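One file, run-v1.txt, carrying compact mmCIF, C-alpha atoms and all ligand atoms:
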```txt
# COMPACT_ATOMS: atom_id res chain seq x y z
CA MET A 1 -14.81 -17.35 2.46
CA SER A 2 -11.47 -15.94 3.57
CA ILE A 3 -7.88 -15.87 2.40
CA GLY A 4 -4.93 -16.85 4.65
CA ILE A 5 -2.39 -14.03 4.83
CA GLY A 6 1.20 -14.11 6.01
CA LEU A 7 2.87 -10.79 6.87
CA ILE A 8 6.62 -10.14 6.86
CA GLY A 9 7.91 -7.24 8.99
CA THR A 10 5.96 -6.45 12.16
CA GLY A 11 7.32 -2.92 12.66
CA TRP A 12 5.35 0.31 12.59
CA ILE A 13 3.23 -0.18 9.49
CA GLY A 14 3.32 -3.99 9.64
CA GLU A 15 1.60 -3.95 13.02
CA GLN A 16 -1.01 -1.49 11.71
CA HIS A 17 -1.68 -3.64 8.63
CA VAL A 18 -2.00 -6.78 10.77
CA HIS A 19 -4.74 -5.13 12.82
CA ARG A 20 -6.34 -3.66 9.74
CA LEU A 21 -6.45 -7.10 8.09
CA ALA A 22 -7.67 -8.82 11.25
CA ASP A 23 -10.28 -6.26 12.34
CA LYS A 24 -11.40 -4.27 9.33
CA VAL A 25 -10.77 -6.07 6.06
CA ALA A 26 -13.53 -8.54 5.25
CA GLY A 27 -12.35 -11.92 3.94
CA ALA A 28 -8.79 -11.72 5.30
CA GLN A 29 -7.31 -13.90 8.01
CA VAL A 30 -3.78 -13.24 9.27
CA VAL A 31 -2.47 -16.77 9.76
CA ALA A 32 1.26 -16.07 10.28
CA VAL A 33 3.84 -13.32 10.72
CA ALA A 34 7.64 -13.23 10.50
CA ASP A 35 10.23 -10.65 11.54
CA ILE A 36 13.97 -10.74 12.11
CA ASP A 37 13.09 -9.44 15.57
CA PRO A 38 11.33 -12.43 17.20
CA GLU A 39 10.06 -10.34 20.09
CA SER A 40 8.22 -7.98 17.75
CA ALA A 41 6.82 -10.90 15.72
CA GLY A 42 5.67 -12.70 18.88
CA LYS A 43 3.90 -9.64 20.26
CA VAL A 44 2.07 -8.86 17.03
CA ALA A 45 1.19 -12.52 16.35
CA ALA A 46 -0.26 -12.92 19.84
CA SER A 47 -2.46 -9.85 19.41
CA VAL A 48 -4.35 -11.49 16.52
CA GLY A 49 -3.90 -15.20 17.26
CA ALA A 50 -1.51 -15.82 14.35
CA ARG A 51 1.54 -18.12 14.25
CA VAL A 52 5.12 -16.84 14.25
CA ILE A 53 7.28 -18.32 11.49
CA ASP A 54 10.99 -17.81 11.98
CA THR A 55 12.00 -16.66 8.49
CA ALA A 56 10.41 -14.86 5.57
CA GLU A 57 11.32 -17.76 3.28
CA ARG A 58 9.51 -20.31 5.45
CA LEU A 59 6.49 -18.02 5.80
CA ILE A 60 6.20 -17.69 2.02
CA ALA A 61 6.43 -21.49 1.62
CA ASP A 62 3.89 -22.22 4.38
CA PRO A 63 0.80 -24.04 2.99
CA GLU A 64 -1.63 -22.01 5.13
CA VAL A 65 -0.26 -18.75 3.66
CA GLU A 66 -2.19 -18.07 0.45
CA ALA A 67 -1.07 -14.45 -0.01
CA VAL A 68 1.75 -12.36 1.48
CA VAL A 69 2.02 -8.78 2.79
CA VAL A 70 5.59 -7.41 2.83
CA THR A 71 6.18 -4.59 5.33
CA SER A 72 9.85 -5.21 6.08
CA TRP A 73 12.62 -2.68 5.38
CA GLY A 74 12.91 -1.47 1.79
CA PRO A 75 16.18 -3.26 0.95
CA ALA A 76 14.61 -6.62 1.94
CA HIS A 77 11.55 -6.19 -0.32
CA ALA A 78 12.97 -7.38 -3.65
CA GLU A 79 14.10 -10.84 -2.50
CA GLN A 80 10.85 -11.40 -0.57
CA VAL A 81 8.73 -10.38 -3.56
CA LEU A 82 10.78 -12.60 -5.88
CA ALA A 83 10.29 -15.54 -3.51
CA CYS A 84 6.50 -14.95 -3.57
CA ILE A 85 6.49 -14.89 -7.38
CA ALA A 86 8.53 -18.11 -7.44
CA ALA A 87 5.98 -19.69 -5.08
CA GLY A 88 3.09 -18.41 -7.27
CA LYS A 89 1.62 -16.45 -4.33
CA PRO A 90 0.08 -12.96 -4.63
CA VAL A 91 2.09 -10.34 -2.73
CA PHE A 92 1.20 -6.88 -1.49
CA CYS A 93 4.50 -5.03 -0.95
CA GLU A 94 4.73 -1.71 0.87
CA LYS A 95 6.66 0.98 -0.96
CA PRO A 96 9.39 0.99 -2.12
CA LEU A 97 9.09 -2.18 -4.21
CA ILE A 98 12.84 -2.02 -4.79
CA THR A 99 15.82 0.02 -3.74
CA GLU A 100 18.00 -1.06 -6.70
CA ILE A 101 16.86 -0.68 -10.30
CA ALA A 102 18.42 -4.04 -11.28
CA ASP A 103 16.12 -5.75 -8.78
CA GLY A 104 13.13 -4.12 -10.45
CA LEU A 105 14.13 -5.61 -13.78
CA ARG A 106 14.37 -9.05 -12.13
CA ILE A 107 10.88 -8.69 -10.64
CA LEU A 108 9.37 -7.56 -13.97
CA LYS A 109 10.97 -10.51 -15.72
CA ALA A 110 9.92 -13.05 -13.10
CA GLU A 111 6.32 -11.83 -12.98
CA GLN A 112 5.96 -11.88 -16.75
CA ALA A 113 7.43 -15.38 -16.84
CA ALA A 114 4.82 -16.42 -14.23
CA GLY A 115 2.21 -15.24 -16.76
CA ARG A 116 -0.06 -13.36 -14.37
CA ARG A 117 0.08 -10.30 -12.15
CA LEU A 118 1.03 -11.32 -8.63
CA VAL A 119 2.45 -8.07 -7.22
CA GLN A 120 0.74 -4.96 -5.87
CA VAL A 121 2.72 -2.03 -4.44
CA GLY A 122 1.50 -0.03 -1.43
CA PHE A 123 1.05 3.39 -3.01
CA MET A 124 -2.05 4.12 -0.92
CA ARG A 125 -2.73 7.61 -2.26
CA ARG A 126 -4.53 5.98 -5.22
CA TYR A 127 -7.11 4.80 -2.66
CA ASP A 128 -7.58 8.15 -0.88
CA ALA A 129 -11.04 9.63 -1.46
CA GLY A 130 -9.66 13.10 -2.25
CA TYR A 131 -7.11 11.86 -4.78
CA ARG A 132 -9.81 9.70 -6.39
CA GLN A 133 -12.03 12.78 -6.74
CA MET A 134 -9.16 14.62 -8.44
CA LYS A 135 -8.64 11.67 -10.78
CA ARG A 136 -12.32 11.75 -11.82
CA VAL A 137 -12.13 15.50 -12.56
CA LEU A 138 -8.99 15.04 -14.66
CA ASP A 139 -10.27 11.99 -16.54
CA ALA A 140 -13.52 13.81 -17.35
CA GLY A 141 -11.41 16.55 -18.98
CA GLU A 142 -12.97 19.17 -16.68
CA ILE A 143 -9.81 21.30 -16.38
CA GLY A 144 -8.52 20.66 -19.89
CA GLU A 145 -4.95 19.57 -20.53
CA PRO A 146 -2.87 19.67 -17.31
CA LEU A 147 0.00 22.17 -17.51
CA MET A 148 1.40 22.31 -13.98
CA ALA A 149 1.12 20.58 -10.63
CA HIS A 150 2.19 21.87 -7.22
CA CYS A 151 2.64 19.29 -4.48
CA VAL A 152 3.53 19.65 -0.82
CA HIS A 153 4.55 16.72 1.42
CA ARG A 154 5.25 17.77 5.01
CA ASN A 155 5.89 15.56 8.02
CA PRO A 156 6.10 17.07 11.53
CA ASN A 157 9.46 15.35 12.09
CA VAL A 158 11.40 12.19 11.25
CA ARG A 159 13.60 9.69 13.08
CA GLU A 160 17.36 10.30 13.25
CA ALA A 161 17.98 7.39 10.86
CA TYR A 162 16.21 9.34 8.07
CA THR A 163 18.80 10.44 5.51
CA THR A 164 18.92 13.26 2.98
CA GLU A 165 18.38 10.79 0.08
CA MET A 166 15.17 9.53 1.72
CA ALA A 167 13.40 12.81 0.89
CA ALA A 168 13.21 11.50 -2.68
CA LYS A 169 13.26 7.73 -2.09
CA ASP A 170 10.93 7.45 0.88
CA THR A 171 8.85 10.62 0.92
CA ALA A 172 8.45 12.27 -2.51
CA VAL A 173 8.12 8.79 -4.05
CA HIS A 174 4.43 9.02 -3.05
CA GLU A 175 3.96 12.16 -5.17
CA VAL A 176 5.88 10.53 -8.01
CA ASP A 177 3.41 7.65 -8.08
CA ALA A 178 0.36 9.85 -7.50
CA MET A 179 1.34 12.21 -10.33
CA ARG A 180 2.15 9.38 -12.79
CA TRP A 181 -1.31 7.99 -12.01
CA LEU A 182 -3.22 11.29 -12.07
CA LEU A 183 -1.56 12.69 -15.18
CA GLY A 184 -1.29 9.34 -16.96
CA GLU A 185 2.20 10.01 -18.26
CA GLU A 186 5.84 9.48 -17.34
CA PHE A 187 8.42 11.94 -16.04
CA THR A 188 11.32 12.76 -18.34
CA SER A 189 13.63 14.88 -16.18
CA VAL A 190 14.16 16.11 -12.65
CA GLN A 191 16.15 18.74 -10.83
CA THR A 192 16.54 18.72 -7.07
CA ILE A 193 16.74 22.18 -5.49
CA LEU A 194 18.11 22.66 -2.00
CA PRO A 195 16.64 25.60 -0.10
CA ARG A 196 18.08 26.94 3.15
CA LYS A 197 18.17 24.08 5.72
CA THR A 198 15.90 24.07 8.74
CA ALA A 199 17.86 24.35 11.98
CA LYS A 200 15.06 22.55 13.81
CA ARG A 201 16.43 19.04 13.28
CA PHE A 202 19.53 16.94 12.66
CA PRO A 203 22.60 18.67 11.19
CA HIS A 204 23.18 15.67 8.86
CA LEU A 205 19.89 16.26 7.07
CA GLN A 206 19.22 18.54 4.08
CA ASP A 207 15.61 19.46 4.75
CA PRO A 208 13.52 20.77 2.95
CA GLN A 209 14.05 19.79 -0.68
CA ILE A 210 12.21 20.76 -3.86
CA PHE A 211 11.94 18.47 -6.89
CA LEU A 212 11.19 20.01 -10.27
CA PHE A 213 9.94 17.38 -12.71
CA GLU A 214 9.06 17.56 -16.38
CA THR A 215 6.64 15.10 -17.97
CA ALA A 216 6.64 13.62 -21.47
CA SER A 217 4.06 16.21 -22.62
CA GLY A 218 6.06 19.12 -21.15
CA ALA A 219 3.93 19.65 -18.03
CA ARG A 220 5.90 20.73 -14.94
CA VAL A 221 5.44 19.25 -11.47
CA ASP A 222 7.04 20.75 -8.37
CA VAL A 223 7.17 18.74 -5.14
CA GLU A 224 8.20 20.20 -1.79
CA ALA A 225 9.35 17.56 0.70
CA PHE A 226 9.76 19.06 4.18
CA VAL A 227 9.94 16.32 6.78
CA ASN A 228 10.59 18.40 9.91
CA CYS A 229 8.01 21.11 9.40
CA GLN A 230 7.08 20.90 13.11
CA TYR A 231 3.37 21.65 12.80
CA GLY A 232 1.80 18.51 11.33
CA TYR A 233 1.37 15.96 8.56
CA ASP A 234 0.26 18.09 5.65
CA ILE A 235 -0.32 16.88 2.10
CA GLN A 236 -1.31 19.42 -0.56
CA CYS A 237 -1.72 19.06 -4.28
CA GLU A 238 -3.06 21.30 -7.01
CA ILE A 239 -3.13 20.53 -10.72
CA VAL A 240 -3.55 23.46 -13.08
CA GLY A 241 -4.97 22.86 -16.55
CA GLU A 242 -5.80 24.90 -19.63
CA GLU A 243 -9.37 25.47 -18.48
CA GLY A 244 -9.25 25.28 -14.69
CA ALA A 245 -7.54 23.86 -11.65
CA VAL A 246 -8.28 21.02 -9.24
CA ARG A 247 -7.07 20.86 -5.67
CA LEU A 248 -6.81 17.95 -3.22
CA PRO A 249 -9.33 18.49 -0.41
CA ASP A 250 -8.02 18.64 3.15
CA PRO A 251 -9.33 15.87 5.44
CA ALA A 252 -12.75 16.79 6.78
CA ALA A 253 -12.43 18.45 10.20
CA PRO A 254 -14.63 20.79 12.19
CA ALA A 255 -13.68 24.48 12.14
CA VAL A 256 -13.56 25.81 15.68
CA ARG A 257 -14.22 29.48 16.34
CA LYS A 258 -12.98 30.61 19.70
CA ALA A 259 -11.22 33.56 21.32
CA ALA A 260 -11.30 35.67 18.15
CA LYS A 261 -9.81 32.84 16.04
CA ALA A 262 -11.19 30.25 13.59
CA SER A 263 -9.05 27.07 13.52
CA VAL A 264 -8.94 23.59 11.99
CA GLU A 265 -6.79 20.80 13.44
CA VAL A 266 -3.88 19.55 11.30
CA LEU A 267 -3.32 15.77 11.63
CA GLN A 268 0.06 14.61 12.94
CA GLU A 269 0.60 11.15 11.46
CA PHE A 270 0.43 9.53 8.04
CA GLY A 271 -1.37 6.64 9.75
CA ASP A 272 -4.22 9.03 10.56
CA ARG A 273 -4.18 11.08 7.36
CA PHE A 274 -4.36 7.98 5.17
CA ALA A 275 -6.13 5.53 7.52
CA ASP A 276 -9.15 5.20 5.23
CA ALA A 277 -6.97 4.87 2.14
CA PHE A 278 -5.00 2.00 3.75
CA ASP A 279 -8.29 0.25 4.62
CA VAL A 280 -9.68 0.59 1.09
CA GLU A 281 -6.35 -0.43 -0.46
CA LEU A 282 -6.17 -3.73 1.43
CA GLN A 283 -9.90 -4.43 1.10
CA GLU A 284 -9.77 -4.03 -2.69
CA TRP A 285 -6.66 -6.23 -2.85
CA VAL A 286 -8.34 -8.99 -0.82
CA ASP A 287 -11.61 -8.68 -2.81
CA ARG A 288 -9.74 -9.19 -6.08
CA LEU A 289 -7.92 -12.24 -4.73
CA LEU A 290 -11.11 -13.78 -3.36
CA GLY A 291 -12.77 -13.16 -6.71
CA GLY A 292 -9.96 -15.05 -8.45
CA GLN A 293 -8.81 -11.85 -10.19
CA GLU A 294 -5.36 -10.35 -10.59
CA PRO A 295 -4.67 -7.27 -8.44
CA SER A 296 -5.73 -3.98 -10.04
CA GLY A 297 -3.64 -1.59 -7.92
CA PRO A 298 -0.15 -0.18 -8.48
CA SER A 299 1.87 -2.84 -10.29
CA SER A 300 5.49 -3.96 -10.37
CA TRP A 301 5.88 -1.61 -13.31
CA ASP A 302 4.62 1.30 -11.17
CA GLY A 303 6.99 0.34 -8.35
CA PHE A 304 9.88 0.07 -10.81
CA ALA A 305 9.07 3.34 -12.60
CA ALA A 306 8.78 5.26 -9.33
CA THR A 307 12.22 4.06 -8.26
CA VAL A 308 13.78 5.01 -11.61
CA VAL A 309 12.37 8.54 -11.10
CA VAL A 310 13.53 8.98 -7.50
CA ASP A 311 16.92 7.49 -8.36
CA ALA A 312 17.34 10.33 -10.90
CA ALA A 313 16.23 12.84 -8.25
CA VAL A 314 18.97 11.56 -5.94
CA ARG A 315 21.57 11.92 -8.71
CA SER A 316 20.40 15.50 -9.18
CA LEU A 317 20.65 16.08 -5.43
CA HIS A 318 24.35 15.21 -5.65
CA SER A 319 25.16 16.94 -8.96
CA GLY A 320 22.80 19.93 -8.85
CA GLU A 321 22.12 19.26 -12.55
CA ILE A 322 18.88 18.54 -14.40
CA VAL A 323 18.94 14.75 -14.77
CA PRO A 324 17.13 12.97 -17.61
CA ILE A 325 14.86 10.10 -16.57
CA GLU A 326 15.28 7.10 -18.84
CA LEU A 327 12.58 4.48 -18.46
CA PRO A 328 12.60 1.44 -20.69
CA GLU A 329 9.49 0.80 -22.80
CA ARG A 330 6.59 -0.39 -20.62
CA PRO A 331 5.93 -4.09 -21.36
CA GLU A 332 2.48 -4.86 -22.86
CA PHE A 333 1.91 -7.12 -19.84
CA TYR A 334 1.50 -3.96 -17.69
CA ALA A 335 -0.69 -1.99 -20.16
N1 LIG A 401 2.59 3.65 2.54
C1 LIG A 401 3.06 4.43 3.51
O1 LIG A 401 2.66 5.57 3.71
C2 LIG A 401 4.11 3.91 4.42
C3 LIG A 401 4.95 2.92 3.99
N2 LIG A 401 5.97 2.51 4.80
C4 LIG A 401 6.90 1.51 4.27
O2 LIG A 401 6.74 0.29 5.00
C5 LIG A 401 8.00 -0.34 5.19
C6 LIG A 401 8.23 -0.53 6.67
O3 LIG A 401 8.26 0.73 7.30
P1 LIG A 401 8.12 0.89 8.91
O4 LIG A 401 7.06 -0.02 9.40
O5 LIG A 401 8.01 2.33 9.18
O6 LIG A 401 9.54 0.37 9.37
P2 LIG A 401 9.94 -0.32 10.76
O7 LIG A 401 11.42 -0.18 10.83
O8 LIG A 401 9.10 0.20 11.87
O9 LIG A 401 9.57 -1.87 10.53
C7 LIG A 401 10.24 -2.73 9.66
C8 LIG A 401 10.22 -4.13 10.25
O10 LIG A 401 10.75 -5.06 9.30
C9 LIG A 401 11.61 -5.96 9.99
N3 LIG A 401 12.53 -6.53 9.02
C10 LIG A 401 13.57 -5.91 8.40
N4 LIG A 401 14.18 -6.75 7.54
C11 LIG A 401 13.51 -7.92 7.60
C12 LIG A 401 13.65 -9.18 6.95
N5 LIG A 401 14.64 -9.39 6.07
N6 LIG A 401 12.78 -10.16 7.26
C13 LIG A 401 11.80 -9.96 8.17
N7 LIG A 401 11.61 -8.79 8.83
C14 LIG A 401 12.45 -7.78 8.55
C15 LIG A 401 12.25 -5.12 11.08
O11 LIG A 401 12.75 -5.92 12.14
C16 LIG A 401 11.07 -4.24 11.52
O12 LIG A 401 10.30 -4.86 12.54
C17 LIG A 401 9.04 0.57 4.53
O13 LIG A 401 9.31 0.09 3.25
C18 LIG A 401 8.34 1.93 4.46
O14 LIG A 401 8.79 2.72 3.38
C19 LIG A 401 6.12 2.98 6.06
C20 LIG A 401 5.28 3.95 6.53
C21 LIG A 401 4.21 4.51 5.75
O1 LIG A 402 5.66 6.47 3.49
C1 LIG A 402 5.87 7.23 4.39
C2 LIG A 402 7.13 7.22 5.19
O2 LIG A 402 7.88 6.07 4.88
C3 LIG A 402 7.92 8.48 4.85
O3 LIG A 402 9.10 8.55 5.62
C4 LIG A 402 7.08 9.73 5.12
O4 LIG A 402 7.79 10.88 4.71
C5 LIG A 402 5.76 9.66 4.35
O5 LIG A 402 4.97 10.78 4.67
C6 LIG A 402 5.00 8.38 4.68
O6 LIG A 402 3.79 8.32 3.96
```
What's the structure tokens form of this structure?
Amino acid sequence: MSIGIGLIGTGWIGEQHVHRLADKVAGAQVVAVADIDPESAGKVAASVGARVIDTAERLIADPEVEAVVVTSWGPAHAEQVLACIAAGKPVFCEKPLITEIADGLRILKAEQAAGRRLVQVGFMRRYDAGYRQMKRVLDAGEIGEPLMAHCVHRNPNVREAYTTEMAAKDTAVHEVDAMRWLLGEEFTSVQTILPRKTAKRFPHLQDPQIFLFETASGARVDVEAFVNCQYGYDIQCEIVGEEGAVRLPDPAAPAVRKAAKASVEVLQEFGDRFADAFDVELQEWVDRLLGGQEPSGPSSWDGFAATVVVDAAVRSLHSGEIVPIELPERPEFYA
């Protein structure tokens, strides 16, 4: 048994997900792709024997498409997700679910009106083996009540189109979701701190940035986003509790001892660092759909909440002030 999948947005991650779905995920068949760039869509479709459909709207309506993967640009996500909900089709949407808070409210309303969960958001850290180990330690109460978390998110470099606001919206948004999930509570305030800028990249970019969050229970979470660190793709996380601390393991890699040095390779790409997590994420999504179940991964509420948090971080970036984070009450539907 397999499910027919249509994918919108055949860029960097879209192409990777197409191959993942075609070659690795059991029970998935990529039947169609769409992109505003027909050349890109044609190339990716040909590589897996899928059809090209000229618009996202027509792809969503296509009878062979039973479920949709959205990997287009962030600002296009909301309308595409809303169209999937209107068509009653499950949709896996890469982060961010939304770029405007008002769109998040529309998605929450539409999904609740549909009466079942149709949306999953691509926060893949929840599927990473190391993060899952941390979650088990925390849920078992092994380190007692969490008091602090220290997170590091470093990319070797970014494209010129990357803007200062993207440090929160595109990069630290992963830590925002991971911390909401690991700690099981919401953020209540944020302050964005701007250290000295690296001279190693574009003058337009304020890089690095530090986000200081407070949670509802008073725990503090600091996140360093440094997207031109030069040396590699490096994700670190430590949560400190009343009785101990738990740290995210580095990806397994052999330690080489040579010429009076011991060294371990640092990965260069998020596609490599989280390859297994992306596989597990899409496999679990497909398994749930094939089993006739609603998705169990990050929901519309999680996508909405993460955007509310990073939106506040961007306001703090501009004002320098501590900005309160005001989330509406979580609907029972997303309990
Ligand atoms: N979970 C993760 O770690 C990652 C998530 N992402 C997310 O995936 C999304 C795509 O990122 P990339 O692949 O890096 O971008 P990209 O720019 O390489 O690809 C985006 C593609 O979407 C197409 N597109 C844009 N608007 C469209 C529309 N209205 N209809 C159809 N196609 C449209 C573009 O032509 C392009 O081919 C972003 O939201 C990004 O934040 C990207 C990288 C990693
Ligand atoms: O989602 C991602 C990118 O969009 C973002 O630009 C990078 O900073 C992140 O490391 C990556 O995981």
Note to self: Around (2.4, 17.3, 0.6), as given in the file, which residues come within 8 Å? Count only C-alpha atoms and list them as a list of chain:residue names.
What the structure shows: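 In the file's frame, the residues around the point are A:Cys151, A:Val152, A:His153, A:Arg154, A:Glu175, A:Val223, A:Glu224, A:Ala225, A:Asp234, A:Ile235, A:Gln236, A:Cys237.
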Margin query: I'd like the contact shell of Pro328 (chain A) - 12 Å cut-off, all atoms listed in the file, skipping same-chain residues fewer than 2 positions apart - returned as a PyMOL selection string.
Written below: chain A and resi 101+104-105+108+186+188+301+304-305+308-309+325-326+330-331
Proximity of chain A to ligand LIG 402 (chain A): per-residue shortest pair, 8 Å limit, only C-alpha atoms and all ligand atoms, as JSON lines:
```
{"residue": "A:Lys95", "atom": "CA", "partner": "A:LIG402", "partner_atom": "O1", "distance": 7.1}
{"residue": "A:His153", "atom": "CA", "partner": "A:LIG402", "partner_atom": "O5", "distance": 6.8}
{"residue": "A:Arg154", "atom": "CA", "partner": "A:LIG402", "partner_atom": "O5", "distance": 7.0}
{"residue": "A:Asn155", "atom": "CA", "partner": "A:LIG402", "partner_atom": "O5", "distance": 5.9}
{"residue": "A:Val158", "atom": "CA", "partner": "A:LIG402", "partner_atom": "O3", "distance": 7.1}
{"residue": "A:Tyr162", "atom": "CA", "partner": "A:LIG402", "partner_atom": "O3", "distance": 7.6}
{"residue": "A:Met166", "atom": "CA", "partner": "A:LIG402", "partner_atom": "O3", "distance": 7.3}
{"residue": "A:Ala167", "atom": "CA", "partner": "A:LIG402", "partner_atom": "O4", "distance": 7.1}
{"residue": "A:Asp170", "atom": "CA", "partner": "A:LIG402", "partner_atom": "C3", "distance": 5.1}
{"residue": "A:Thr171", "atom": "CA", "partner": "A:LIG402", "partner_atom": "O4", "distance": 3.9}
{"residue": "A:Ala172", "atom": "CA", "partner": "A:LIG402", "partner_atom": "O4", "distance": 7.4}
{"residue": "A:His174", "atom": "CA", "partner": "A:LIG402", "partner_atom": "O6", "distance": 7.1}
{"residue": "A:Ala225", "atom": "CA", "partner": "A:LIG402", "partner_atom": "O4", "distance": 7.9}
{"residue": "A:Val227", "atom": "CA", "partner": "A:LIG402", "partner_atom": "O4", "distance": 6.2}
{"residue": "A:Tyr233", "atom": "CA", "partner": "A:LIG402", "partner_atom": "O5", "distance": 7.4}
{"residue": "A:Phe270", "atom": "CA", "partner": "A:LIG402", "partner_atom": "O6", "distance": 5.4}
{"residue": "A:Gly271", "atom": "CA", "partner": "A:LIG402", "partner_atom": "O6", "distance": 7.9}
```
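With only C-alpha atoms as the atoms that count, the minimum distance from Asp250 (chain A) to the choices A:Val137, A:Ala129, A:Ala216, A:Val190 is reached by A:Ala129.
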Interface rows for chain A against ligand LIG 401 (chain A): nearest pair, Å to one decimal, 8 Å, only C-alpha atoms and all ligand atoms, as CSV:
```
residue,atom,partner,partner_atom,distance
A:Ile8,CA,A:LIG401,C13,5.3
A:Gly9,CA,A:LIG401,O10,3.6
A:Thr10,CA,A:LIG401,O12,4.6
A:Gly11,CA,A:LIG401,O9,3.3
A:Trp12,CA,A:LIG401,O4,3.6
A:Ile13,CA,A:LIG401,O4,3.8
A:Gly14,CA,A:LIG401,O4,5.5
A:Glu15,CA,A:LIG401,O4,7.6
A:Ala34,CA,A:LIG401,C13,5.8
A:Asp35,CA,A:LIG401,N7,3.6
A:Ile36,CA,A:LIG401,N7,4.5
A:Asp37,CA,A:LIG401,O11,4.9
A:Ser40,CA,A:LIG401,O12,6.4
A:Ala41,CA,A:LIG401,O12,7.7
A:Thr55,CA,A:LIG401,N6,6.7
A:Ala56,CA,A:LIG401,N6,5.5
A:Val70,CA,A:LIG401,C5,7.8
A:Thr71,CA,A:LIG401,C5,4.6
A:Ser72,CA,A:LIG401,O10,3.3
A:Trp73,CA,A:LIG401,C10,4.5
A:Gly74,CA,A:LIG401,O13,4.2
A:Pro75,CA,A:LIG401,N4,7.7
A:Ala76,CA,A:LIG401,N5,5.0
A:His77,CA,A:LIG401,O13,7.6
A:Gln80,CA,A:LIG401,N5,7.9
A:Glu94,CA,A:LIG401,O2,5.0
A:Lys95,CA,A:LIG401,O13,5.1
A:Pro96,CA,A:LIG401,O13,5.4
A:Leu97,CA,A:LIG401,O13,7.8
A:Gly122,CA,A:LIG401,N1,5.5
A:Phe123,CA,A:LIG401,N1,5.8
A:Met124,CA,A:LIG401,N1,5.8
A:Asp170,CA,A:LIG401,O14,5.8
A:His174,CA,A:LIG401,O1,7.8
A:Phe270,CA,A:LIG401,O1,6.3
A:Gly271,CA,A:LIG401,C21,7.2
A:Phe274,CA,A:LIG401,O1,7.6
A:Phe278,CA,A:LIG401,N1,7.9
```
Check: Which neighbours of Gly244 (chain A) fall inside 9 Å, counting all atoms listed in the file, when residues of the same chain fewer than 3 positions from it are skipped, and could you give them as a VMD selection string?
Finding: chain A and resid 142 to 144 146 239 to 241
Same residues, C-alpha atoms, output as an mmCIF file, in the coordinates of the input:
```
data_model
loop_
_atom_site.group_PDB
_atom_site.id
_atom_site.type_symbol
_atom_site.label_atom_id
_atom_site.label_comp_id
_atom_site.auth_asym_id
_atom_site.auth_seq_id
_atom_site.Cartn_x
_atom_site.Cartn_y
_atom_site.Cartn_z
ATOM 1 C CA GLU A 142 -12.970 19.170 -16.680
ATOM 2 C CA ILE A 143 -9.810 21.300 -16.380
ATOM 3 C CA GLY A 144 -8.520 20.660 -19.890
ATOM 4 C CA PRO A 146 -2.870 19.670 -17.310
ATOM 5 C CA ILE A 239 -3.130 20.530 -10.720
ATOM 6 C CA VAL A 240 -3.550 23.460 -13.080
ATOM 7 C CA GLY A 241 -4.970 22.860 -16.550
#
```
Ref. answer, residues at most 12 Å from (-9.7, 1.1, 7.9) with all atoms listed in the file, as a JSON list (two decimals) with C-alpha atoms, keeping the file's coordinate frame:
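Below you can see part_39.json, which holds the result:
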```
[["chain", "number", "residue", "atom", "x", "y", "z"],
["A", 16, "GLN", "CA", -1.01, -1.49, 11.71],
["A", 17, "HIS", "CA", -1.68, -3.64, 8.63],
["A", 18, "VAL", "CA", -2.00, -6.78, 10.77],
["A", 19, "HIS", "CA", -4.74, -5.13, 12.82],
["A", 20, "ARG", "CA", -6.34, -3.66, 9.74],
["A", 21, "LEU", "CA", -6.45, -7.10, 8.09],
["A", 22, "ALA", "CA", -7.67, -8.82, 11.25],
["A", 23, "ASP", "CA", -10.28, -6.26, 12.34],
["A", 24, "LYS", "CA", -11.40, -4.27, 9.33],
["A", 25, "VAL", "CA", -10.77, -6.07, 6.06],
["A", 26, "ALA", "CA", -13.53, -8.54, 5.25],
["A", 127, "TYR", "CA", -7.11, 4.80, -2.66],
["A", 128, "ASP", "CA", -7.58, 8.15, -0.88],
["A", 271, "GLY", "CA", -1.37, 6.64, 9.75],
["A", 272, "ASP", "CA", -4.22, 9.03, 10.56],
["A", 273, "ARG", "CA", -4.18, 11.08, 7.36],
["A", 274, "PHE", "CA", -4.36, 7.98, 5.17],
["A", 275, "ALA", "CA", -6.13, 5.53, 7.52],
["A", 276, "ASP", "CA", -9.15, 5.20, 5.23],
["A", 277, "ALA", "CA", -6.97, 4.87, 2.14],
["A", 278, "PHE", "CA", -5.00, 2.00, 3.75],
["A", 279, "ASP", "CA", -8.29, 0.25, 4.62],
["A", 280, "VAL", "CA", -9.68, 0.59, 1.09],
["A", 281, "GLU", "CA", -6.35, -0.43, -0.46],
["A", 282, "LEU", "CA", -6.17, -3.73, 1.43],
["A", 283, "GLN", "CA", -9.90, -4.43, 1.10],
["A", 284, "GLU", "CA", -9.77, -4.03, -2.69]]
```
Check: Just how far from CA of Asp222 (chain A) is CA of Ala149 (chain A), in Å to one decimal?
Finding: 6.3 Å
Check: Which one of A:Ala252, A:Val266, A:Ala140, A:Ala260 sits closest to Pro156 (chain A) if you count all atoms listed in the file?
Finding: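 With all atoms listed in the file as the atom set, the closest residue is A:Val266.
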Margin query: Counting all atoms listed in the file, which residue out of A:Ala67, A:Val52, A:Ile85, A:Ala199 sits closest to Gly115 (chain A)?
Written below: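 Nearest candidate to Gly115 (chain A) out of A:Ala67, A:Val52, A:Ile85, A:Ala199: A:Ile85.
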Notebook entry, point to check: Using all atoms listed in the file, which residues sit within 7 Å of region 46-50 of chain A once same-chain residues fewer than 4 positions away are excluded, as a PyMOL selection string?
Noted result: chain A and resi 22+30-33+42
Next item on the list: For CA of Gly4 (chain A) and CA of Pro63 (chain A), quote the distance in Å rounded to one decimal.
Entry: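 Here the two named atoms are 9.3 Å from each other.
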